[in-house]
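Student: File coords.txt below, compact mmCIF, C-alpha atoms and all ligand atoms:
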# COMPACT_ATOMS: atom_id res chain seq x y z
CA MET A 6 -18.78 4.93 1.89
CA SER A 7 -15.73 7.20 1.93
CA ALA A 8 -13.17 7.07 -0.87
CA CYS A 9 -10.58 5.66 1.57
CA ASN A 10 -12.61 2.48 1.92
CA ARG A 11 -12.06 1.80 -1.77
CA ILE A 12 -8.27 2.20 -1.53
CA ARG A 13 -6.25 -0.90 -0.57
CA PHE A 14 -2.55 -1.04 0.26
CA VAL A 15 -0.89 -4.15 -1.15
CA LEU A 16 2.43 -5.34 0.33
CA VAL A 17 4.23 -7.77 -1.97
CA GLY A 18 6.64 -10.44 -0.66
CA THR A 19 7.32 -8.67 2.64
CA GLN A 20 10.32 -10.17 4.41
CA HIS A 21 9.94 -8.81 7.95
CA PRO A 22 6.53 -9.27 9.65
CA GLY A 23 7.42 -6.32 11.90
CA ASN A 24 7.27 -4.06 8.85
CA ILE A 25 3.76 -5.29 8.08
CA GLY A 26 2.71 -4.28 11.60
CA ALA A 27 4.35 -0.87 11.25
CA ALA A 28 2.64 -0.43 7.86
CA ALA A 29 -0.75 -1.26 9.40
CA ARG A 30 -0.14 1.39 12.07
CA ALA A 31 0.92 3.95 9.46
CA MET A 32 -2.27 3.28 7.50
CA LYS A 33 -4.60 3.40 10.49
CA THR A 34 -3.28 6.79 11.65
CA MET A 35 -4.38 8.15 8.27
CA GLY A 36 -7.83 6.55 8.29
CA LEU A 37 -6.95 3.66 5.96
CA SER A 38 -7.75 0.08 6.91
CA ARG A 39 -7.62 -2.13 3.83
CA LEU A 40 -4.33 -4.03 3.82
CA VAL A 41 -3.66 -6.96 1.44
CA LEU A 42 -0.60 -9.21 1.70
CA VAL A 43 0.80 -10.95 -1.36
CA ALA A 44 2.99 -13.99 -0.62
CA PRO A 45 4.71 -12.62 2.51
CA GLU A 46 7.93 -14.50 3.31
CA LYS A 47 6.81 -15.21 6.88
CA PRO A 48 3.42 -15.29 8.60
CA LEU A 49 2.36 -12.49 10.95
CA ASP A 50 4.07 -12.95 14.29
CA GLU A 51 4.37 -11.27 17.66
CA ALA A 52 6.65 -8.56 16.25
CA ALA A 53 4.03 -7.71 13.63
CA TYR A 54 1.31 -7.24 16.27
CA ARG A 55 3.65 -5.35 18.59
CA ARG A 56 4.68 -2.90 15.89
CA SER A 57 1.09 -2.39 14.78
CA ALA A 58 0.65 -0.65 18.15
CA GLY A 59 -3.13 -0.91 18.24
CA ALA A 60 -3.82 -1.51 14.55
CA GLU A 61 -4.39 -5.23 15.15
CA ASP A 62 -7.74 -4.97 13.38
CA VAL A 63 -6.03 -3.86 10.16
CA LEU A 64 -3.61 -6.81 10.42
CA GLY A 65 -6.29 -9.31 11.37
CA ASP A 66 -8.49 -8.33 8.42
CA ALA A 67 -5.68 -8.50 5.84
CA PRO A 68 -6.22 -11.23 3.23
CA VAL A 69 -3.15 -13.16 2.05
CA LEU A 70 -3.06 -13.87 -1.69
CA PRO A 71 -0.54 -15.76 -3.83
CA THR A 72 -0.05 -13.21 -6.62
CA LEU A 73 -0.20 -9.47 -7.22
CA ALA A 74 -2.49 -10.00 -10.24
CA GLU A 75 -5.11 -11.58 -7.95
CA ALA A 76 -4.72 -8.83 -5.34
CA VAL A 77 -5.55 -6.09 -7.86
CA ALA A 78 -7.81 -7.90 -10.39
CA ASP A 79 -10.87 -5.74 -9.64
CA CYS A 80 -8.94 -2.44 -9.36
CA ARG A 81 -9.38 0.33 -11.88
CA LEU A 82 -6.23 2.18 -10.83
CA VAL A 83 -3.05 0.43 -9.61
CA LEU A 84 -0.22 2.61 -8.28
CA GLY A 85 3.20 0.92 -7.91
CA CYS A 86 5.61 2.52 -5.44
CA THR A 87 9.25 2.24 -6.45
CA ALA A 88 12.48 3.54 -4.97
CA ARG A 89 14.34 3.52 -8.29
CA ALA A 90 13.72 4.43 -11.89
CA ARG A 91 13.08 1.24 -13.89
CA ARG A 92 13.16 0.16 -17.48
CA VAL A 93 9.40 -0.24 -17.32
CA ALA A 94 7.70 2.38 -19.51
CA LEU A 95 5.21 3.67 -16.95
CA GLU A 96 3.92 7.12 -16.27
CA GLU A 97 5.59 8.33 -13.05
CA LEU A 98 3.83 10.53 -10.48
CA LEU A 99 4.83 12.28 -7.28
CA PRO A 100 2.98 10.99 -4.19
CA ALA A 101 0.68 14.04 -3.97
CA ASP A 102 -0.40 13.75 -7.62
CA ALA A 103 -0.83 10.00 -7.29
CA ALA A 104 -2.96 10.52 -4.18
CA ALA A 105 -5.18 13.07 -5.91
CA ARG A 106 -5.74 10.66 -8.79
CA ALA A 107 -6.43 7.77 -6.40
CA VAL A 108 -9.01 9.70 -4.37
CA GLN A 109 -10.71 10.90 -7.52
CA ARG A 110 -10.88 7.41 -9.03
CA ALA A 111 -12.08 5.93 -5.71
CA GLY A 112 -14.86 8.53 -5.67
CA GLU A 113 -16.21 7.48 -9.09
CA PRO A 114 -16.65 4.93 -7.37
CA ALA A 115 -13.94 2.39 -8.27
CA GLU A 116 -11.43 0.18 -6.48
CA VAL A 117 -7.84 1.49 -6.22
CA ALA A 118 -4.61 -0.26 -5.14
CA VAL A 119 -1.32 1.18 -3.88
CA VAL A 120 1.42 -1.46 -4.20
CA PHE A 121 4.69 -1.74 -2.26
CA GLY A 122 7.62 -4.10 -2.85
CA ARG A 123 10.02 -6.22 -0.83
CA GLU A 124 12.45 -4.65 1.63
CA ARG A 125 15.52 -6.01 -0.17
CA THR A 126 14.63 -5.91 -3.84
CA GLY A 127 11.41 -3.90 -4.20
CA LEU A 128 8.93 -4.88 -6.92
CA SER A 129 10.14 -7.01 -9.82
CA ASN A 130 9.85 -5.51 -13.30
CA ASP A 131 7.03 -7.98 -14.03
CA GLU A 132 5.16 -6.83 -10.92
CA LEU A 133 5.69 -3.16 -11.77
CA GLN A 134 4.42 -3.92 -15.26
CA LEU A 135 1.09 -4.89 -13.66
CA CYS A 136 0.77 -1.34 -12.28
CA HIS A 137 -0.82 1.52 -14.19
CA VAL A 138 1.38 4.28 -12.76
CA ALA A 139 4.73 4.33 -10.92
CA VAL A 140 4.97 6.49 -7.79
CA HIS A 141 8.34 7.71 -6.61
CA ILE A 142 8.92 9.57 -3.34
CA PRO A 143 11.59 12.09 -4.45
CA SER A 144 14.24 10.97 -1.98
CA ASP A 145 17.98 11.67 -2.27
CA PRO A 146 19.08 9.69 -5.36
CA ALA A 147 22.25 8.70 -3.49
CA PHE A 148 20.14 7.08 -0.71
CA SER A 149 16.72 6.66 -2.24
CA SER A 150 15.17 3.70 -0.47
CA LEU A 151 12.84 4.37 2.47
CA ASN A 152 11.92 1.71 5.00
CA LEU A 153 8.79 -0.05 3.75
CA ALA A 154 6.54 1.28 6.54
CA ALA A 155 7.95 4.79 6.09
CA ALA A 156 7.02 4.67 2.39
CA VAL A 157 3.55 3.43 3.37
CA GLN A 158 3.29 6.39 5.78
CA VAL A 159 4.15 8.92 3.07
CA LEU A 160 1.53 7.57 0.67
CA ALA A 161 -1.09 7.22 3.44
CA TYR A 162 -0.46 10.82 4.50
CA GLU A 163 -0.78 12.14 0.96
CA LEU A 164 -4.03 10.22 0.53
CA ARG A 165 -5.30 11.74 3.77
CA LEU A 166 -4.43 15.25 2.57
CA ALA A 167 -6.09 14.61 -0.80
CA GLN A 168 -9.20 13.34 0.90
CA LEU A 169 -9.32 16.22 3.39
CA ALA A 170 -8.85 18.70 0.53
CA GLY A 171 -11.91 17.15 -1.06
CA VAL A 172 -10.60 16.30 -4.51
CA PRO A 173 -13.46 17.30 -6.77
CA ALA A 174 -15.63 14.45 -7.97
CA PRO A 175 -15.32 13.79 -11.69
CA ALA A 176 -17.41 16.28 -13.69
CA PRO A 177 -20.65 14.65 -14.74
CA GLU A 178 -20.60 14.08 -18.48
CA PRO A 179 -23.71 14.32 -20.56
CA GLY A 180 -25.28 10.90 -20.91
CA PHE A 181 -24.06 7.64 -19.43
CA ARG A 182 -20.48 7.61 -18.14
CA GLU A 183 -18.69 4.39 -18.98
CA GLN A 184 -16.92 2.51 -16.22
CA VAL A 185 -13.14 2.48 -16.66
CA ALA A 186 -11.81 -1.05 -17.33
CA SER A 187 -10.57 -3.20 -14.45
CA HIS A 188 -7.05 -4.55 -14.11
CA ALA A 189 -8.19 -8.04 -15.08
CA GLN A 190 -9.96 -6.72 -18.20
CA LEU A 191 -6.86 -4.76 -19.25
CA GLU A 192 -4.61 -7.79 -18.68
CA GLY A 193 -7.01 -9.82 -20.86
CA LEU A 194 -6.61 -7.20 -23.61
CA PHE A 195 -2.81 -7.12 -23.27
CA GLY A 196 -2.62 -10.93 -23.36
CA GLN A 197 -4.71 -11.07 -26.53
CA LEU A 198 -2.74 -8.21 -28.08
CA GLY A 199 0.51 -10.10 -27.44
CA ASP A 200 -0.93 -13.25 -29.05
CA THR A 201 -2.21 -11.29 -32.05
CA LEU A 202 1.13 -9.58 -32.65
CA ASP A 203 2.78 -13.03 -32.68
CA GLU A 204 0.15 -14.40 -35.05
CA ILE A 205 0.53 -11.54 -37.55
CA ASP A 206 4.34 -11.81 -37.19
CA PHE A 207 4.61 -8.20 -36.07
CA HIS A 208 7.91 -8.67 -34.22
CA LYS A 209 9.81 -10.34 -37.09
CA GLY A 210 12.30 -12.03 -34.81
CA ARG A 211 12.75 -9.04 -32.46
CA ALA A 212 12.11 -9.57 -28.75
CA PRO A 213 8.43 -8.63 -28.10
CA GLU A 214 8.98 -7.05 -24.66
CA SER A 215 9.91 -3.54 -25.77
CA ALA A 216 6.92 -3.15 -28.11
CA MET A 217 4.57 -4.62 -25.49
CA ARG A 218 5.84 -2.17 -22.85
CA LYS A 219 5.15 0.75 -25.18
CA LEU A 220 1.73 -0.57 -26.15
CA ARG A 221 0.76 -1.12 -22.52
CA ARG A 222 1.73 2.47 -21.78
CA LEU A 223 -0.26 3.74 -24.76
CA PHE A 224 -3.43 1.92 -23.71
CA LEU A 225 -3.01 2.79 -20.02
CA LYS A 226 -2.73 6.46 -20.97
CA ALA A 227 -6.07 6.20 -22.75
CA GLU A 228 -7.86 5.06 -19.54
CA LEU A 229 -9.98 2.64 -21.58
CA SER A 230 -13.54 1.93 -20.58
CA GLU A 231 -14.97 -1.58 -20.39
CA GLN A 232 -16.75 -1.03 -23.72
CA GLU A 233 -13.59 0.23 -25.42
CA VAL A 234 -11.73 -2.88 -24.23
CA ARG A 235 -14.48 -5.04 -25.73
CA LEU A 236 -14.28 -3.13 -29.04
CA LEU A 237 -10.50 -3.52 -29.26
CA ARG A 238 -10.71 -7.22 -28.39
CA GLY A 239 -13.30 -7.67 -31.14
CA ILE A 240 -10.89 -6.13 -33.66
CA LEU A 241 -8.06 -8.34 -32.39
CA SER A 242 -10.26 -11.44 -32.68
CA ASP A 243 -10.95 -10.60 -36.32
CA ALA A 244 -7.25 -9.97 -36.98
CA GLN A 245 -6.45 -13.35 -35.38
CA ARG A 246 -9.09 -15.06 -37.52
CA MET A 247 -7.71 -13.48 -40.70
CA ALA A 248 -4.14 -14.43 -39.73
CA ARG A 249 -5.24 -18.06 -39.23
CA LEU A 250 -7.06 -18.06 -42.58
CA ALA A 251 -4.00 -16.64 -44.30
CA ALA A 252 -1.76 -19.22 -42.60
CA SER A 253 -4.02 -22.10 -43.60
CA GLY A 254 -4.25 -20.74 -47.18
CA SER A 255 -0.49 -20.52 -47.57
CA ALA A 256 0.16 -23.89 -45.96
N1 LIG A 301 15.93 -1.93 -2.18
C1 LIG A 301 14.63 -1.79 -2.76
C2 LIG A 301 13.79 -0.85 -1.93
C3 LIG A 301 12.85 -1.54 -1.14
S1 LIG A 301 12.07 -0.54 0.03
C4 LIG A 301 14.73 -1.21 -4.13
O1 LIG A 301 15.77 -0.67 -4.46
O2 LIG A 301 13.77 -1.27 -4.88
C5 LIG A 301 10.50 -1.35 0.11
C6 LIG A 301 9.40 -0.67 -0.69
O3 LIG A 301 9.14 0.63 -0.15
C7 LIG A 301 9.70 -0.44 -2.17
O4 LIG A 301 9.47 -1.58 -2.97
C8 LIG A 301 8.70 0.68 -2.49
O5 LIG A 301 7.41 0.12 -2.69
C9 LIG A 301 8.71 1.49 -1.20
N2 LIG A 301 9.67 2.61 -1.30
C10 LIG A 301 10.85 2.76 -0.66
N3 LIG A 301 11.44 3.91 -1.02
C11 LIG A 301 10.63 4.51 -1.92
C12 LIG A 301 10.68 5.73 -2.66
N4 LIG A 301 11.70 6.57 -2.60
N5 LIG A 301 9.63 6.01 -3.49
C13 LIG A 301 8.58 5.17 -3.60
N6 LIG A 301 8.49 4.01 -2.93
C14 LIG A 301 9.49 3.69 -2.09
Could you write out this structure as structure tokens?
Ligand code: SAH
Tutor:
Amino acid sequence: MSACNRIRFVLVGTQHPGNIGAAARAMKTMGLSRLVLVAPEKPLDEAAYRRSAGAEDVLGDAPVLPTLAEAVADCRLVLGCTARARRVALEELLPADAAARAVQRAGEPAEVAVVFGRERTGLSNDELQLCHVAVHIPSDPAFSSLNLAAAVQVLAYELRLAQLAGVPAPAPEPGFREQVASHAQLEGLFGQLGDTLDEIDFHKGRAPESAMRKLRRLFLKAELSEQEVRLLRGILSDAQRMARLAASGSA
């Protein structure tokens, strides 16, 4: 199975079905066929099929899911494409670097998602927070927003180049190589980390969002394996147990 078959393009909250068709065409020209739709505003219509110009199979096979978290739960790399710099502390990559990383991760093998936002408002900060890396096409800052299908074309093209260049497979490490954690496993860790920080009163009245953003970035940078996530969650469980004991002792 080629790496491209493990890379899905996820369109979130698309407003114009025609753009979904144009995105499917853009993908198919570059050998990509896995399209996922998250809560599109309108169902696929005649304009969508017309603008897919022969990529009806890509459209017809596209599952429709209610949330981005569900669309990427099994992915081990989630790239979020954004037209503007955001207050979300995420590593930011150029399309070519993002594509190289995606093809390498897909070759491990692992599932990869490339996520695109709404035509009017892009991805919300909460949605971008679910991504591991932000990807920005370095457009003119004074006019930075590409049409959705044009942005899909740029990423699909870069993925094609990366695949044709034959991004080297990850160097075999001595011994067993641990599988990098999935999106759902990382979200489980982040959820428990947030609860634990509350329980040990880490924030002391400050809003938790800023610390959580930095902690997410720290753990994403580490590319945690499944086993490392389990180890960290074990430590958090013990910290939570001690915090409850201390709370019941001082009550
Ligand atoms: N007005 C929106 C842009 C929406 S364009 C905003 O300011 O966020 C629709 C989608 O295309 C975006 O959510 C993003 O996924 C993608 N896109 C458009 N321009 C882009 C760029 N310069 N870099 C990366 N992605 C881009």
Student: Could you give me, as a ChimeraX atom specification, the residues within 10 Å of Ala76 (chain A), counting all atoms listed in the file and dropping anything in the same chain fewer than 3 positions from it?
Tutor: /A:13-17,41-43,68-73,79-80,118,120
Student: At what distance in Å, to one decimal, does CA of Val108 (chain A) lie from CA of Arg81 (chain A)?
Tutor: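 Value for the CA of Arg81 (chain A)-CA of Val108 (chain A) distance: 12.0 Å.
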Student: Which of these residues is nearest to Ala216 (chain A), using all atoms listed in the file: A:Val77, A:Ala94, A:Cys86, A:Leu49?
Tutor: A:Ala94
Student: Can you measure CA of Ala27 (chain A) to CA of Leu40 (chain A) for me? One decimal in Å is fine.
Tutor: 11.9 Å
Student: Which chains and residue numbers are within 7 Å of ligand LIG 301 (chain A), counting all atoms listed in the file, if I want them as a list of chain:residue names?
Tutor: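 Taking all atoms listed in the file into account, the residues around ligand LIG 301 (chain A) at most 7 Å away are A:Gly85, A:Cys86, A:Thr87, A:Ala88, A:Arg89, A:Val120, A:Phe121, A:Gly122, A:Arg123, A:Glu124, A:Arg125, A:Thr126, A:Gly127, A:Leu128, A:Val140, A:His141, A:Ile142, A:Pro143, A:Ser144, A:Ser149, A:Ser150, A:Leu151, A:Asn152, A:Leu153, A:Ala156.
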Student: Here is a test: counting all atoms listed in the file, which residue of A:Leu164, A:Ser129, A:Pro45, A:Gln134 is nearest to Arg11 (chain A)?
Tutor: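 Closest candidate: A:Leu164.
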Student: Would you mind telling me which residue in A:Asp66, A:Glu75, A:Glu96, A:Glu192 lies nearest to Lys219 (chain A) when using all atoms listed in the file?
Tutor: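 Comparing A:Asp66, A:Glu75, A:Glu96, A:Glu192 against Lys219 (chain A), the winner is A:Glu96.
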Student: Could you give me, as an mmCIF file with C-alpha atoms, in the coordinates of the input, the residues that sit within 12 Å of (-12.4, 1.0, -14.4) in the file's coordinates, counting only C-alpha atoms?
Tutor:
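The result, stored in selection37.cif:
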data_model
loop_
_atom_site.group_PDB
_atom_site.id
_atom_site.type_symbol
_atom_site.label_atom_id
_atom_site.label_comp_id
_atom_site.auth_asym_id
_atom_site.auth_seq_id
_atom_site.Cartn_x
_atom_site.Cartn_y
_atom_site.Cartn_z
ATOM 1 C CA VAL A 77 -5.550 -6.090 -7.860
ATOM 2 C CA ALA A 78 -7.810 -7.900 -10.390
ATOM 3 C CA ASP A 79 -10.870 -5.740 -9.640
ATOM 4 C CA CYS A 80 -8.940 -2.440 -9.360
ATOM 5 C CA ARG A 81 -9.380 0.330 -11.880
ATOM 6 C CA LEU A 82 -6.230 2.180 -10.830
ATOM 7 C CA VAL A 83 -3.050 0.430 -9.610
ATOM 8 C CA ARG A 110 -10.880 7.410 -9.030
ATOM 9 C CA ALA A 111 -12.080 5.930 -5.710
ATOM 10 C CA GLY A 112 -14.860 8.530 -5.670
ATOM 11 C CA GLU A 113 -16.210 7.480 -9.090
ATOM 12 C CA PRO A 114 -16.650 4.930 -7.370
ATOM 13 C CA ALA A 115 -13.940 2.390 -8.270
ATOM 14 C CA GLU A 116 -11.430 0.180 -6.480
ATOM 15 C CA VAL A 117 -7.840 1.490 -6.220
ATOM 16 C CA HIS A 137 -0.820 1.520 -14.190
ATOM 17 C CA ARG A 182 -20.480 7.610 -18.140
ATOM 18 C CA GLU A 183 -18.690 4.390 -18.980
ATOM 19 C CA GLN A 184 -16.920 2.510 -16.220
ATOM 20 C CA VAL A 185 -13.140 2.480 -16.660
ATOM 21 C CA ALA A 186 -11.810 -1.050 -17.330
ATOM 22 C CA SER A 187 -10.570 -3.200 -14.450
ATOM 23 C CA HIS A 188 -7.050 -4.550 -14.110
ATOM 24 C CA ALA A 189 -8.190 -8.040 -15.080
ATOM 25 C CA GLN A 190 -9.960 -6.720 -18.200
ATOM 26 C CA LEU A 191 -6.860 -4.760 -19.250
ATOM 27 C CA LEU A 225 -3.010 2.790 -20.020
ATOM 28 C CA ALA A 227 -6.070 6.200 -22.750
ATOM 29 C CA GLU A 228 -7.860 5.060 -19.540
ATOM 30 C CA LEU A 229 -9.980 2.640 -21.580
ATOM 31 C CA SER A 230 -13.540 1.930 -20.580
ATOM 32 C CA GLU A 231 -14.970 -1.580 -20.390
ATOM 33 C CA GLN A 232 -16.750 -1.030 -23.720
ATOM 34 C CA GLU A 233 -13.590 0.230 -25.420
ATOM 35 C CA VAL A 234 -11.730 -2.880 -24.230
#
Student: At what distance in Å, to one decimal, does CA of Tyr162 (chain A) lie from CA of Phe148 (chain A)?
Tutor: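 Going from CA of Phe148 (chain A) over to CA of Tyr162 (chain A) covers 21.6 Å.
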Student: May I have the residues within 12 Å of Ile205 (chain A) as a PDB file with C-alpha atoms, in the frame of the given file, using all atoms listed in the file and disregarding those fewer than 6 positions away in the same chain?
Tutor:
ATOM      1  CA  LEU A 198      -2.740  -8.210 -28.080  1.00  0.00           C
ATOM      2  CA  GLY A 199       0.510 -10.100 -27.440  1.00  0.00           C
ATOM      3  CA  LEU A 241      -8.060  -8.340 -32.390  1.00  0.00           C
ATOM      4  CA  SER A 242     -10.260 -11.440 -32.680  1.00  0.00           C
ATOM      5  CA  ASP A 243     -10.950 -10.600 -36.320  1.00  0.00           C
ATOM      6  CA  ALA A 244      -7.250  -9.970 -36.980  1.00  0.00           C
ATOM      7  CA  GLN A 245      -6.450 -13.350 -35.380  1.00  0.00           C
ATOM      8  CA  ARG A 246      -9.090 -15.060 -37.520  1.00  0.00           C
ATOM      9  CA  MET A 247      -7.710 -13.480 -40.700  1.00  0.00           C
ATOM     10  CA  ALA A 248      -4.140 -14.430 -39.730  1.00  0.00           C
ATOM     11  CA  ARG A 249      -5.240 -18.060 -39.230  1.00  0.00           C
ATOM     12  CA  LEU A 250      -7.060 -18.060 -42.580  1.00  0.00           C
ATOM     13  CA  ALA A 251      -4.000 -16.640 -44.300  1.00  0.00           C
ATOM     14  CA  ALA A 252      -1.760 -19.220 -42.600  1.00  0.00           C
TER      15      ALA A 252
END
Student: May I have the centre and edge lengths, in Å to one decimal, of an axis-aligned box around the listed atoms of region 106-110 of chain A with 4 Å added to every side, as AutoDock Vina command-line options?
Tutor:
--center_x -8.3 --center_y 9.2 --center_z -6.7 --size_x 13.1 --size_y 11.5 --size_z 12.7
Student: Identify, on the basis of only C-alpha atoms, every residue whose closest approach to Glu46 (chain A) does not exceed 9 Å; exclude the query and any residue fewer than 4 positions from it along the same chain; express the result as a list in words.
Tutor: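 The filter keeps Gly18, Thr19, Gln20, His21 and Pro22 of chain A.
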Student: Choose the residue, out of A:Arg218, A:Asp102, A:Gly171, A:Phe195, that has the smallest atom-to-atom separation from Asn130 (chain A); count only C-alpha atoms.
Tutor: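 For Asn130 (chain A), the nearest of the given residues is A:Arg218.
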Student: I'd like to know which of A:Leu202, A:Leu135, A:Ala28, A:Met35 is closest to Glu163 (chain A), using all atoms listed in the file.
Tutor: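 Of A:Leu202, A:Leu135, A:Ala28, A:Met35, the one nearest Glu163 (chain A), counting all atoms listed in the file, is A:Met35.
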Student: Out of A:Pro48, A:Gly23, A:Gly36, A:Gly193, which residue has the shortest atom-to-atom distance to Val63 (chain A) when counting all atoms listed in the file?
Tutor: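 That would be A:Gly36, the residue with the smallest distance to Val63 (chain A).
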Student: Could you extract region 59-67 of chain A of the given structure into a file holding all heavy atoms, as a PDB file, in the first residue's frame?
Tutor:
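Output contents, as saved in decode.pdb:
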ATOM      1  N   GLY A  59     -14.848  14.435 -12.854  1.00  0.00           N
ATOM      2  CA  GLY A  59     -14.326  13.077 -13.042  1.00  0.00           C
ATOM      3  C   GLY A  59     -13.816  12.453 -11.765  1.00  0.00           C
ATOM      4  O   GLY A  59     -13.426  11.284 -11.757  1.00  0.00           O
ATOM      5  N   ALA A  60     -13.793  13.205 -10.680  1.00  0.00           N
ATOM      6  CA  ALA A  60     -13.339  12.619  -9.397  1.00  0.00           C
ATOM      7  C   ALA A  60     -14.552  12.246  -8.545  1.00  0.00           C
ATOM      8  O   ALA A  60     -14.512  12.338  -7.324  1.00  0.00           O
ATOM      9  CB  ALA A  60     -12.426  13.591  -8.651  1.00  0.00           C
ATOM     10  N   GLU A  61     -15.619  11.782  -9.221  1.00  0.00           N
ATOM     11  CA  GLU A  61     -16.843  11.411  -8.487  1.00  0.00           C
ATOM     12  C   GLU A  61     -16.580  10.296  -7.488  1.00  0.00           C
ATOM     13  O   GLU A  61     -17.228  10.221  -6.454  1.00  0.00           O
ATOM     14  CB  GLU A  61     -17.943  10.923  -9.445  1.00  0.00           C
ATOM     15  CG  GLU A  61     -18.533  11.988 -10.340  1.00  0.00           C
ATOM     16  CD  GLU A  61     -17.794  12.069 -11.660  1.00  0.00           C
ATOM     17  OE1 GLU A  61     -16.808  11.305 -11.842  1.00  0.00           O
ATOM     18  OE2 GLU A  61     -18.184  12.901 -12.505  1.00  0.00           O
ATOM     19  N   ASP A  62     -15.620   9.421  -7.829  1.00  0.00           N
ATOM     20  CA  ASP A  62     -15.329   8.312  -6.912  1.00  0.00           C
ATOM     21  C   ASP A  62     -14.802   8.834  -5.574  1.00  0.00           C
ATOM     22  O   ASP A  62     -15.169   8.342  -4.505  1.00  0.00           O
ATOM     23  CB  ASP A  62     -14.332   7.329  -7.548  1.00  0.00           C
ATOM     24  CG  ASP A  62     -13.100   8.031  -8.123  1.00  0.00           C
ATOM     25  OD1 ASP A  62     -13.161   9.253  -8.396  1.00  0.00           O
ATOM     26  OD2 ASP A  62     -12.063   7.361  -8.286  1.00  0.00           O
ATOM     27  N   VAL A  63     -13.961   9.864  -5.646  1.00  0.00           N
ATOM     28  CA  VAL A  63     -13.406  10.442  -4.407  1.00  0.00           C
ATOM     29  C   VAL A  63     -14.554  11.032  -3.578  1.00  0.00           C
ATOM     30  O   VAL A  63     -14.636  10.839  -2.360  1.00  0.00           O
ATOM     31  CB  VAL A  63     -12.353  11.524  -4.734  1.00  0.00           C
ATOM     32  CG1 VAL A  63     -11.861  12.206  -3.464  1.00  0.00           C
ATOM     33  CG2 VAL A  63     -11.182  10.900  -5.497  1.00  0.00           C
ATOM     34  N   LEU A  64     -15.471  11.738  -4.244  1.00  0.00           N
ATOM     35  CA  LEU A  64     -16.618  12.336  -3.538  1.00  0.00           C
ATOM     36  C   LEU A  64     -17.521  11.254  -2.962  1.00  0.00           C
ATOM     37  O   LEU A  64     -17.933  11.323  -1.805  1.00  0.00           O
ATOM     38  CB  LEU A  64     -17.465  13.169  -4.513  1.00  0.00           C
ATOM     39  CG  LEU A  64     -16.961  14.547  -4.890  1.00  0.00           C
ATOM     40  CD1 LEU A  64     -18.010  15.226  -5.778  1.00  0.00           C
ATOM     41  CD2 LEU A  64     -16.690  15.384  -3.653  1.00  0.00           C
ATOM     42  N   GLY A  65     -17.815  10.261  -3.798  1.00  0.00           N
ATOM     43  CA  GLY A  65     -18.763   9.220  -3.392  1.00  0.00           C
ATOM     44  C   GLY A  65     -18.250   8.408  -2.213  1.00  0.00           C
ATOM     45  O   GLY A  65     -19.035   7.920  -1.401  1.00  0.00           O
ATOM     46  N   ASP A  66     -16.932   8.271  -2.109  1.00  0.00           N
ATOM     47  CA  ASP A  66     -16.357   7.459  -1.020  1.00  0.00           C
ATOM     48  C   ASP A  66     -16.141   8.259   0.255  1.00  0.00           C
ATOM     49  O   ASP A  66     -15.676   7.706   1.256  1.00  0.00           O
ATOM     50  CB  ASP A  66     -14.985   6.895  -1.456  1.00  0.00           C
ATOM     51  CG  ASP A  66     -15.132   5.816  -2.522  1.00  0.00           C
ATOM     52  OD1 ASP A  66     -16.270   5.333  -2.699  1.00  0.00           O
ATOM     53  OD2 ASP A  66     -14.133   5.472  -3.174  1.00  0.00           O
ATOM     54  N   ALA A  67     -16.408   9.574   0.222  1.00  0.00           N
ATOM     55  CA  ALA A  67     -16.032  10.415   1.373  1.00  0.00           C
ATOM     56  C   ALA A  67     -17.006  10.248   2.534  1.00  0.00           C
ATOM     57  O   ALA A  67     -18.186  10.584   2.406  1.00  0.00           O
ATOM     58  CB  ALA A  67     -15.981  11.883   0.942  1.00  0.00           C
TER      59      ALA A  67
END
